[in-house]
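Student: Structure provided below as structure tokens; questions to follow.
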Amino acid sequence: MEFLAEQPWMGLFTNLPANLSLGLVVAAVSAWLAIGAVGASFPENLTLVRRLFPIGALVGLGLAIVGITAIHGPTQATVLPLGLPDLPFHLRLDALSAFFLVLLGAATAGISVFAAGYFRAGQGTAPGLLCLQYHVFLASMAMVLLADDAYLFMVSWETMALSSFFLVTTEHRIGEIRRAGFLYLLIAHVGAIAILLCFGVLQGGTGDYSFDGMRTAKLQGFWPTAGFFLALFGFGAKAGMLPLHVWLPEAHPAAPSPVSALMSGVMLKTAIYGLLRVSFDLLQVEVWWWGVAALGLGLFTALYGVIFATVQTDMKRLLAYSSIENIGLILAGFGLALVFRAFQMPQLAALALAATLYHCLNHAMFKSLLFLATGSVLHATRERSLGKLGGLIHRMPWVAWLALIGTLAIAGVPPLNGFVSEWLLLQAFLFTSELPQGFINMLIPIAAASLALTAALAGYTIVKFYGVIFLGQAREPALAQAHDAGVRERIGLVWLALWCVLLGLFPVVVLDLLDPVNEMLVGRGLGATTRDWLFLAPIDANRASFSPLITLAGIAVTVLGTIFLVHRLYHHRLRRGPPWDCGFPLQTPRMQDSAEGFGQPIRQIFEVFFRITRTLPTPFDKAPRYAVKVEDQLWYGLYLPMTKAVEFFTWLVGFLQQGRISVYLAYSFFTLLALLLFVR
Amino acid sequence: MTWIGALSQLIQLAVAVLLAPLLLGWVNQCRAWLQNKRAPSLAQPYRMIRKLFLKEPVIAHNASPIFRLTPYIVFGAMALAAAIVPSLATDLPFATAADAIALVGIFALARIFIALAAMDIGTAFGSLGARREMLIGFLAEPALLMVFFTASLISQSTSLVTIVETLAHREFVIYPSLAFAGIAFTMVSLAENARVPVDNPATHLELTMIHEAMILEYSGRHLALIEWASSLKLFNYSCLGLALFFPWGIVEGAHDVVGLLWAIPVLVGKLALGGFLLALIETMSAKLRIFRAPEFLGTAFLLGVLGMLVHQLLGA
Amino acid sequence: MSLPLSSQLLNLLAAVLLLLSFAMLAQRRLLSLVSLFAMQGFALCLATLLVALTSTQTHLFYSAALTLVLKVIVLPYFLYRMIHKLEVLWDVETLLNIPMIMLLGIVLVVIAFNLAVPISQLSSTITRSMLGIALASVLLSFLMMITRRKAIPQVIGFLAMENGLFFAAISATYGMPMIIELGIALDVLVGVLILGVFFFQIREQFDSLDLEHLEKLRDE
């Protein structure tokens, strides 16, 4: 026993009370892996898999609870015996990791229950394998959050990328989906290389790849900037930052809906986690213009994402672009926090950071909810195109009403959660007039304006999304057969919708939870002004205060009061009849606005962003057809030229290929010679 | 919270809800005079609302509960907004619960619901109206926010009450940034209330409709509530404009009932003048083509941004 | 917050000047463009008068009068006549759509404000914070010249640019020496007259004032 205690990894067990939360998190990760293994042992057993997913959800719930307790607890660290010899895995659970673990656990709990009802035996991957991939994905995300050295971080990061790649290509018999998966894998790896290089820079020549080593490494001159931008590039590629966003709108529609929800709601946030970890924790250097760069990129990403979201006609693509928008907002908040920190304004930095983290949490909930809702719609109708849906509120009331909560939340309407984080972010922007730098002061009105424009366009997008899918008349006769979601799917949706409501109604509780994270990253929390549980009043109550509960009460009182008074004072008779529509007699469902039609004004106003190909009918066409295709300018302006360049270089390399073995041997020989001369 | 605060809150709400149709009637009357027409009576909007309440509503077979709920939500949201905007007094207990940004959010709530309701029946005009309303909204909403931001940069607060108190209590200082904000606000209010350069409240031509196209399917008490809500919206925007740019006459801080009662005639006077100006603007301008509307609002939006910029440069 | 009233009024006039520059940028109708230009001249005249009153520089009174006569009365009237004679009342199609131009305008304003910060710190006059606005209106007028197709708005843009320069001169150094000012005024007047003659010639030649036709004149 004495011998065992000397081993560093025994710390996990011997210091149980001290490291309890960390141990529990590791246990949760192991549980997920075990569930995956059980599933994989019976690949074709669908009933077993359907029982396994709820267990995984319970594990997620446990993880969230452990995370909540760990946020306020002390930092816990340990070393695992796994890994390469002399290169063990370092684990660490601090407030930042704990917060993201809460996000992971809470979102997963809902998604997994939903997935239990969602996955069917189909053409693609066998259910058992899917179960394995899914739970390995979850476990690797948790490990990314726990990793305390570059080695474990990269191993988990790559596991996460690979497992999600397999999940995206579940329906791998469809060529388009394989293509989407390939694009995802490609960009994920370009990003991973950047992250690897970033860690290489951060260790600062010491050769110590543990995060503790990086915290103490003194970087000189140009190196911190290189490290930051490598991190921004690498994590940005995973998060969907412009111009590395192209994989998102391809991969999300390709993946099964719970996987889309998990990727959009949770996986993108691990990239944000990495960015926060590197720039606030590992890099001990503060440069204000990094923040400006992140802010600018973020706002541009947000605007770009939302403009594209408005013109989409595929419901999952629309949500994918909306994810790009939200990541843009998160990046903007992150950039603002960096700026404030660099100017030594810790309290304002805490405000911006709190808004960022809050939005991460909110986005995880409402985006997962909406993705799952599209999954239910997809199952019920086998249709992803908005042009063939409509009127589903009558067939699928559960999904429709729960999706309405997600819709209002994402539109940023009080008193739901989307509004709270937007409110915090706008408040943070309004404080920037106190910055000492004149140049940034001038940029802030523009930044605030684009933020406001993004938020308003998000409302446009989501009205289109909800209105076209759930309201109006069914655009196809087949929709009459649509059925509502099953019990397990409903539980998953209700869980996420509940979070949307609660996060909106009790922001002060959430901010309390965020304070240790703020203290850890910027050295100061939001402070005592947020302690009044009813009023959200960051910094100063005179400056701004908002109470979602009272607002909700106000809305409820006025609405219910109106209903009561109207029905009391007048009559409540009601007659049903055919729709009036200004007396037009020949109404068909095809006369409603299509998704293209709804997006048309935006397409016209922001024409420069799009690459539009229209096919217009001539007056003499017997069967006139109108088609419009909206594509990404960046794809043609950036990616295709890049592909061409790569192809050209590989063609050049092709000249080396002579086919004769002695020539190849000569290459090796000369390389060896050159190297020997070089290291001489 | 003092009892007088609660009282002023209640009085303000009651005044808003009761006087809103009167303001609409007054604007219609002014407009008729300016256009050399015989004016309808001031009480015309009240009569219309009463008539509609007494009628039996007819709704489409495929109307969902969202359609039936929307008039109440829209009316409730507008009544709530009337409680937040300081039109009579600044000692409003409710105003601490929702600031200017929340007010924009509440307006957005009403807009989203009415657009969803318009799409609910699945008629051609309904979805056309919804699309146009969201088109107006996505530019008007950030423009309104920019106006608020300009004001809150001056007063260092987003609380409407604090903004009004700061602006009314200053020594006589000219804020050029507020000039920009004022023009932007006027443009936004015209668009948001479906007034002439953007929309025509009196139109009977479906293809040019925005607001009217959305509510074509409503009748009876639902339509009454929506009409009442839109007059309330006009009232709220007018009070907002008065509060931001002409805040004098609003009772501040701890006050007595007499002061509160005095504030009512002052408000009525200011509104009468504002309503006349609105009618004047409407008479003097021609309705824009629908695709000029984004240009109009884009200009408003950029003027708001410019207001903030000028504030940063001149510090005023 | 307690700037003297004259400075506040000057700030207001500067803001009005900027506002008018933006209005000109967004205006499609030629006649309105001319009246906007006249209004800008009037604001400029008031600003000059105000500076003259506060700084008691007598020559500024003369330049205020000159501004009033030339930029508020003579040039707008001349342009008005020309527009009627040439019958180019119709809307001007811009090269970019208006919101995009306005967006560019905002960017220009930010650049101008930032450029002006170090310069205005050197200046010690009461009007130094206005230099940014003056610079911005110069750049905005330039932008207007770039984005218009027709010849007349380009001339108006040129004149508005001169307004901006004049304002910059007042705000930085209490105006230019009288002789230079007179020279510029004469130049502008003659320039517009010559351009007016050119317009008639261009229209004789191409039946239009659309400057796209001039593109044919290049050597190929």
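In the structure tokens, chains take the letters A, B, ... in the order shown, each chain's residues start at 1, and ligands count up from 1 in the order shown.
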Could you list, as number ranges by chain, every residue within 12 Å of Val107 (chain C), counting only C-alpha atoms and ignoring same-chain residues fewer than 2 positions away?
Tutor: A: 442-443, 445-447; B: 302, 305-306, 309; C: 100-105, 109-114, 136, 139-140, 143
Student: Which residues, written as a ChimeraX atom specification, have at least one atom at most 10 Å from Cys360 (chain A), with only C-alpha atoms counted and residues fewer than 5 positions away on the same chain left out?
Tutor: /A:100,103,265-266,268-270,272-273,326-327,329-330,354-355,365,421
Student: If we count only C-alpha atoms and set the cut-off at 12 Å, which residues sit around His172 (chain A), ignoring sequence neighbours fewer than 6 positions away in its own chain? Please answer as number ranges by chain.
Tutor: A: 122-126, 165-166, 178-182, 254-256
Student: Apply DSSP to the structure's backbone, then extract all residues of region 92-256 of chain B labelled alpha helix (DSSP H) and return them as a ChimeraX atom specification.
Tutor: /B:100-120,124-155,160-169,176-192,211-214,220-245
Student: Per residue of chain C within 7 Å of chain B, what are the shortest atom pair and its distance in Å to one decimal, counting only C-alpha atoms, with rows by chain and residue number, as CSV?
Tutor:
residue,atom,partner,partner_atom,distance
C:Gln8,CA,B:Ile174,CA,5.9
C:Asn11,CA,B:Pro176,CA,6.6
C:Leu12,CA,B:Pro176,CA,4.8
C:Ala15,CA,B:Pro176,CA,5.8
C:Ile98,CA,B:Glu295,CA,6.7
C:Pro99,CA,B:Gly298,CA,6.0
C:Ser129,CA,B:Leu314,CA,6.3
Student: When you look at Phe99 (chain A) with a cut-off of 12 Å (counting only C-alpha atoms), what residues show up, excluding the ones that are within fewer than 4 positions of it in the same chain? I need them as a PyMOL selection string.
Tutor: chain A and resi 63-73+93-95+103-106+142+145-146+269-270+273+354+357-358+360-361+510-518+520
Student: Could you please select, counting only C-alpha atoms, the residues of chain A within 12 Å of chain C and state them as number ranges by chain?
Tutor: A: 437-447, 449-450, 604-609
Student: Restricting the output to all heavy atoms, write the selected residues as a CSV table (one decimal), in the first residue's frame.
Tutor:
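In the end it all went to part_34.csv:
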chain,number,residue,atom,x,y,z
A,437,GLN,N,-8.7,54.5,-25.2
A,437,GLN,CA,-8.1,54.6,-26.6
A,437,GLN,C,-9.1,55.2,-27.5
A,437,GLN,O,-10.2,54.7,-27.7
A,437,GLN,CB,-7.8,53.2,-27.0
A,437,GLN,CG,-6.4,52.9,-27.4
A,437,GLN,CD,-6.0,53.3,-28.8
A,437,GLN,OE1,-6.9,53.7,-29.5
A,437,GLN,NE2,-4.8,53.2,-29.1
A,438,GLY,N,-8.8,56.3,-28.2
A,438,GLY,CA,-9.8,57.0,-29.0
A,438,GLY,C,-10.2,56.2,-30.2
A,438,GLY,O,-11.4,56.2,-30.6
A,439,PHE,N,-9.3,55.4,-30.8
A,439,PHE,CA,-9.6,54.7,-32.0
A,439,PHE,C,-10.7,53.6,-31.7
A,439,PHE,O,-11.7,53.5,-32.4
A,439,PHE,CB,-8.3,54.0,-32.4
A,439,PHE,CG,-8.5,53.1,-33.6
A,439,PHE,CD1,-9.0,53.6,-34.8
A,439,PHE,CD2,-8.3,51.7,-33.5
A,439,PHE,CE1,-9.2,52.7,-35.9
A,439,PHE,CE2,-8.5,50.9,-34.6
A,439,PHE,CZ,-8.9,51.4,-35.8
A,440,ILE,N,-10.6,52.9,-30.6
A,440,ILE,CA,-11.6,51.9,-30.3
A,440,ILE,C,-12.9,52.6,-30.0
A,440,ILE,O,-14.0,52.1,-30.3
A,440,ILE,CB,-11.2,51.0,-29.1
A,440,ILE,CG1,-9.7,50.6,-29.2
A,440,ILE,CG2,-12.0,49.8,-29.0
A,440,ILE,CD1,-9.3,49.8,-28.1
A,441,ASN,N,-12.8,53.7,-29.3
A,441,ASN,CA,-14.0,54.4,-29.0
A,441,ASN,C,-14.8,54.7,-30.2
A,441,ASN,O,-16.1,54.6,-30.2
A,441,ASN,CB,-13.7,55.8,-28.4
A,441,ASN,CG,-13.6,55.7,-26.9
A,441,ASN,OD1,-14.2,54.8,-26.3
A,441,ASN,ND2,-12.9,56.5,-26.3
A,442,MET,N,-14.1,55.0,-31.3
A,442,MET,CA,-14.8,55.3,-32.6
A,442,MET,C,-15.4,54.0,-33.2
A,442,MET,O,-16.5,54.0,-33.8
A,442,MET,CB,-13.9,55.9,-33.6
A,442,MET,CG,-13.4,57.2,-33.2
A,442,MET,SD,-14.7,58.4,-33.5
A,442,MET,CE,-14.1,59.7,-32.4
A,443,LEU,N,-14.7,52.9,-33.0
A,443,LEU,CA,-15.2,51.7,-33.6
A,443,LEU,C,-16.5,51.1,-32.8
A,443,LEU,O,-17.2,50.4,-33.4
A,443,LEU,CB,-14.1,50.6,-33.5
A,443,LEU,CG,-13.0,50.8,-34.5
A,443,LEU,CD1,-12.0,49.7,-34.4
A,443,LEU,CD2,-13.6,50.9,-35.9
A,444,ILE,N,-16.6,51.5,-31.6
A,444,ILE,CA,-17.6,50.9,-30.8
A,444,ILE,C,-19.1,51.1,-31.3
A,444,ILE,O,-19.8,50.2,-31.4
A,444,ILE,CB,-17.5,51.3,-29.3
A,444,ILE,CG1,-16.2,50.6,-28.8
A,444,ILE,CG2,-18.7,50.9,-28.5
A,444,ILE,CD1,-16.0,49.2,-29.1
A,445,PRO,N,-19.4,52.4,-31.7
A,445,PRO,CA,-20.7,52.5,-32.3
A,445,PRO,C,-21.0,51.6,-33.4
A,445,PRO,O,-22.1,51.0,-33.5
A,445,PRO,CB,-20.7,54.0,-32.7
A,445,PRO,CG,-19.7,54.7,-31.9
A,445,PRO,CD,-18.7,53.6,-31.6
A,446,ILE,N,-20.0,51.4,-34.3
A,446,ILE,CA,-20.2,50.5,-35.4
A,446,ILE,C,-20.4,49.1,-34.9
A,446,ILE,O,-21.2,48.4,-35.4
A,446,ILE,CB,-19.0,50.7,-36.4
A,446,ILE,CG1,-19.0,52.1,-36.9
A,446,ILE,CG2,-19.1,49.7,-37.5
A,446,ILE,CD1,-17.9,52.4,-37.8
A,447,ALA,N,-19.6,48.7,-33.9
A,447,ALA,CA,-19.7,47.4,-33.4
A,447,ALA,C,-21.1,47.1,-32.8
A,447,ALA,O,-21.7,46.1,-33.1
A,447,ALA,CB,-18.6,47.1,-32.4
A,449,ALA,N,-23.7,48.7,-33.5
A,449,ALA,CA,-24.7,48.7,-34.6
A,449,ALA,C,-24.8,47.4,-35.2
A,449,ALA,O,-25.9,46.8,-35.5
A,449,ALA,CB,-24.4,49.8,-35.6
A,450,SER,N,-23.6,46.8,-35.5
A,450,SER,CA,-23.7,45.5,-36.2
A,450,SER,C,-24.3,44.4,-35.3
A,450,SER,O,-24.9,43.5,-35.8
A,450,SER,CB,-22.4,45.1,-36.8
A,450,SER,OG,-21.4,45.3,-35.9
A,604,GLN,N,-32.0,40.6,-51.7
A,604,GLN,CA,-31.8,41.8,-52.6
A,604,GLN,C,-31.0,42.8,-51.9
A,604,GLN,O,-30.1,43.4,-52.5
A,604,GLN,CB,-33.2,42.3,-52.9
A,604,GLN,CG,-33.1,43.5,-53.9
A,604,GLN,CD,-34.5,43.8,-54.5
A,604,GLN,OE1,-35.4,42.9,-54.4
A,604,GLN,NE2,-34.6,44.9,-55.1
A,605,ILE,N,-31.2,43.0,-50.6
A,605,ILE,CA,-30.5,44.1,-49.9
A,605,ILE,C,-29.0,43.7,-49.7
A,605,ILE,O,-28.2,44.6,-49.9
A,605,ILE,CB,-31.2,44.3,-48.5
A,605,ILE,CG1,-32.6,44.8,-48.6
A,605,ILE,CG2,-30.3,45.3,-47.7
A,605,ILE,CD1,-33.4,44.9,-47.4
A,606,PHE,N,-28.8,42.5,-49.4
A,606,PHE,CA,-27.4,42.1,-49.1
A,606,PHE,C,-26.8,41.3,-50.3
A,606,PHE,O,-26.1,40.4,-50.1
A,606,PHE,CB,-27.3,41.3,-47.9
A,606,PHE,CG,-27.6,42.1,-46.6
A,606,PHE,CD1,-28.9,41.9,-46.1
A,606,PHE,CD2,-26.7,42.9,-46.0
A,606,PHE,CE1,-29.3,42.6,-45.0
A,606,PHE,CE2,-27.1,43.6,-44.9
A,606,PHE,CZ,-28.4,43.5,-44.4
A,607,GLU,N,-27.1,41.8,-51.5
A,607,GLU,CA,-26.7,41.0,-52.7
A,607,GLU,C,-25.2,40.8,-52.8
A,607,GLU,O,-24.8,39.8,-53.3
A,607,GLU,CB,-27.2,41.8,-53.9
A,607,GLU,CG,-27.5,40.8,-55.1
A,607,GLU,CD,-28.3,41.5,-56.2
A,607,GLU,OE1,-28.7,42.6,-56.0
A,607,GLU,OE2,-28.4,40.8,-57.2
A,608,VAL,N,-24.4,41.8,-52.3
A,608,VAL,CA,-23.0,41.6,-52.5
A,608,VAL,C,-22.4,40.4,-51.7
A,608,VAL,O,-21.4,39.9,-52.1
A,608,VAL,CB,-22.3,42.9,-52.0
A,608,VAL,CG1,-22.3,44.0,-53.0
A,608,VAL,CG2,-22.8,43.3,-50.6
A,609,PHE,N,-23.1,40.0,-50.7
A,609,PHE,CA,-22.6,38.8,-49.9
A,609,PHE,C,-22.7,37.5,-50.7
A,609,PHE,O,-22.0,36.6,-50.4
A,609,PHE,CB,-23.4,38.7,-48.6
A,609,PHE,CG,-22.9,39.7,-47.6
A,609,PHE,CD1,-23.5,41.0,-47.5
A,609,PHE,CD2,-22.0,39.4,-46.7
A,609,PHE,CE1,-23.1,41.9,-46.6
A,609,PHE,CE2,-21.6,40.3,-45.7
A,609,PHE,CZ,-22.1,41.6,-45.7
Student: Could you build a table of the residues in chain B lying no more than 6 Å from chain A, giving for each the nearest pair of atoms and their separation in Å rounded to one decimal place, using only C-alpha atoms, ordered by chain and ascending residue number, as CSV?
Tutor:
residue,atom,partner,partner_atom,distance
B:Pro57,CA,A:Leu574,CA,5.4
B:Val58,CA,A:Arg575,CA,4.7
B:Ile59,CA,A:Arg576,CA,4.9
B:Ala60,CA,A:Pro579,CA,4.6
B:His61,CA,A:Arg576,CA,5.4
B:Tyr72,CA,A:Val559,CA,5.5
B:Ile73,CA,A:Val559,CA,5.6
B:Gly76,CA,A:Val559,CA,4.6
B:Thr96,CA,A:Ser545,CA,5.9
B:Ala97,CA,A:Ser547,CA,4.5
B:Ala98,CA,A:Phe546,CA,4.9
B:Gly105,CA,A:Val413,CA,5.2
B:Leu109,CA,A:Val413,CA,5.7
B:Leu116,CA,A:Gly467,CA,5.8
B:Met119,CA,A:Gly472,CA,5.5
B:Asp120,CA,A:Gly472,CA,4.4
B:Ile121,CA,A:Gly472,CA,4.9
B:Gly122,CA,A:Gly472,CA,3.6
B:Thr123,CA,A:Gln592,CA,5.6
B:Ala124,CA,A:Gln592,CA,4.7
B:Ser127,CA,A:Asp593,CA,5.6
B:Arg131,CA,A:Phe598,CA,5.8
B:Met134,CA,A:Tyr460,CA,5.7
B:Phe138,CA,A:Ala456,CA,4.7
B:Pro142,CA,A:Ala452,CA,4.9
B:Ser157,CA,A:Arg543,CA,4.1
B:Thr158,CA,A:Ala544,CA,5.3
B:Ser159,CA,A:Ala544,CA,5.4
B:Val305,CA,A:Pro445,CA,6.0
B:Met308,CA,A:Pro445,CA,5.9
Student: I need the residues from that last selection saved to file as a short mmCIF file (atom, residue, chain, number, x, y, z; two decimals), in the first residue's frame (with C-alpha atoms), if you can.
Tutor:
data_model
loop_
_atom_site.label_atom_id
_atom_site.label_comp_id
_atom_site.auth_asym_id
_atom_site.auth_seq_id
_atom_site.Cartn_x
_atom_site.Cartn_y
_atom_site.Cartn_z
CA PRO B 57 -65.18 37.06 -34.57
CA VAL B 58 -64.83 34.65 -37.47
CA ILE B 59 -61.55 32.78 -37.75
CA ALA B 60 -60.29 30.37 -40.36
CA HIS B 61 -60.76 26.63 -39.94
CA TYR B 72 -53.87 39.46 -26.46
CA ILE B 73 -50.09 39.18 -26.49
CA GLY B 76 -50.42 43.07 -23.43
CA THR B 96 -36.42 49.38 -12.82
CA ALA B 97 -37.47 45.97 -14.08
CA ALA B 98 -37.11 46.78 -17.75
CA GLY B 105 -37.28 43.43 -26.75
CA LEU B 109 -42.04 40.16 -28.95
CA LEU B 116 -46.32 34.45 -36.88
CA MET B 119 -48.38 33.30 -41.43
CA ASP B 120 -50.65 31.02 -39.47
CA ILE B 121 -53.61 30.89 -41.83
CA GLY B 122 -51.39 30.33 -44.82
CA THR B 123 -52.87 32.92 -47.15
CA ALA B 124 -50.88 34.76 -49.78
CA SER B 127 -47.38 35.79 -45.48
CA ARG B 131 -42.43 39.19 -44.63
CA MET B 134 -40.11 41.61 -40.58
CA PHE B 138 -35.07 44.12 -38.86
CA PRO B 142 -31.47 48.29 -34.46
CA SER B 157 -27.59 54.66 -18.21
CA THR B 158 -29.94 52.52 -20.22
CA SER B 159 -32.76 53.01 -17.79
CA VAL B 305 -24.84 55.27 -35.62
CA MET B 308 -23.17 57.88 -31.44
#
Student: Can you pull out the residues contacting Phe276 (chain B)? Cut-off 9 Å, using only C-alpha atoms, and skip same-chain residues under 3 positions away; I want them as a ChimeraX atom specification.
Tutor: /B:26-27,30-31,271-273,279-281
Student: Skip region 241-254 of chain B itself and residues of its chain fewer than 4 positions away, then list as a list in words all residues within 8 Å of it, counting only C-alpha atoms.
Tutor: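 Near region 241-254 of chain B, the qualifying residues are Val85, Pro86, Ser87, Leu88, Ala89, Thr90, Asp91, Ala151, Ile163, Val164, Glu165, Leu167, Ala168, Leu178, Gly182, Phe185, Thr186, Tyr237, Gly259, Leu260, Ala263, Val266, Leu267 and Lys270 of chain B.
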Student: Rounded to one decimal in Å, what is the spacing between CA of Ala666 (chain A) and CA of Phe648 (chain A)?
Tutor: 24.7 Å
Student: List as JSON, numbers by chain the protein and nucleic acid residues near region 237-240 of chain A, meaning an atom at most 12 Å away when only C-alpha atoms are counted, but skip any in the same chain fewer than 6 places from it.
Tutor: {"A": [157, 158, 160, 161, 164, 183, 184, 185, 186, 187, 188, 189, 190, 191, 192, 193, 194, 195, 229, 230, 231, 246, 247, 248, 249, 250, 251, 252, 263, 264, 265, 266, 267, 268, 269, 270, 271, 272, 273, 274, 275, 297, 298, 301, 302, 304, 305, 320, 321, 322, 323, 324, 325, 326, 327, 328, 329, 330, 331, 360]}
Student: Out of A:Leu505, A:Leu677, A:Leu318, A:Leu496, which residue has the shortest atom-to-atom distance to Ala595 (chain A) when counting only C-alpha atoms?
Tutor: A:Leu318
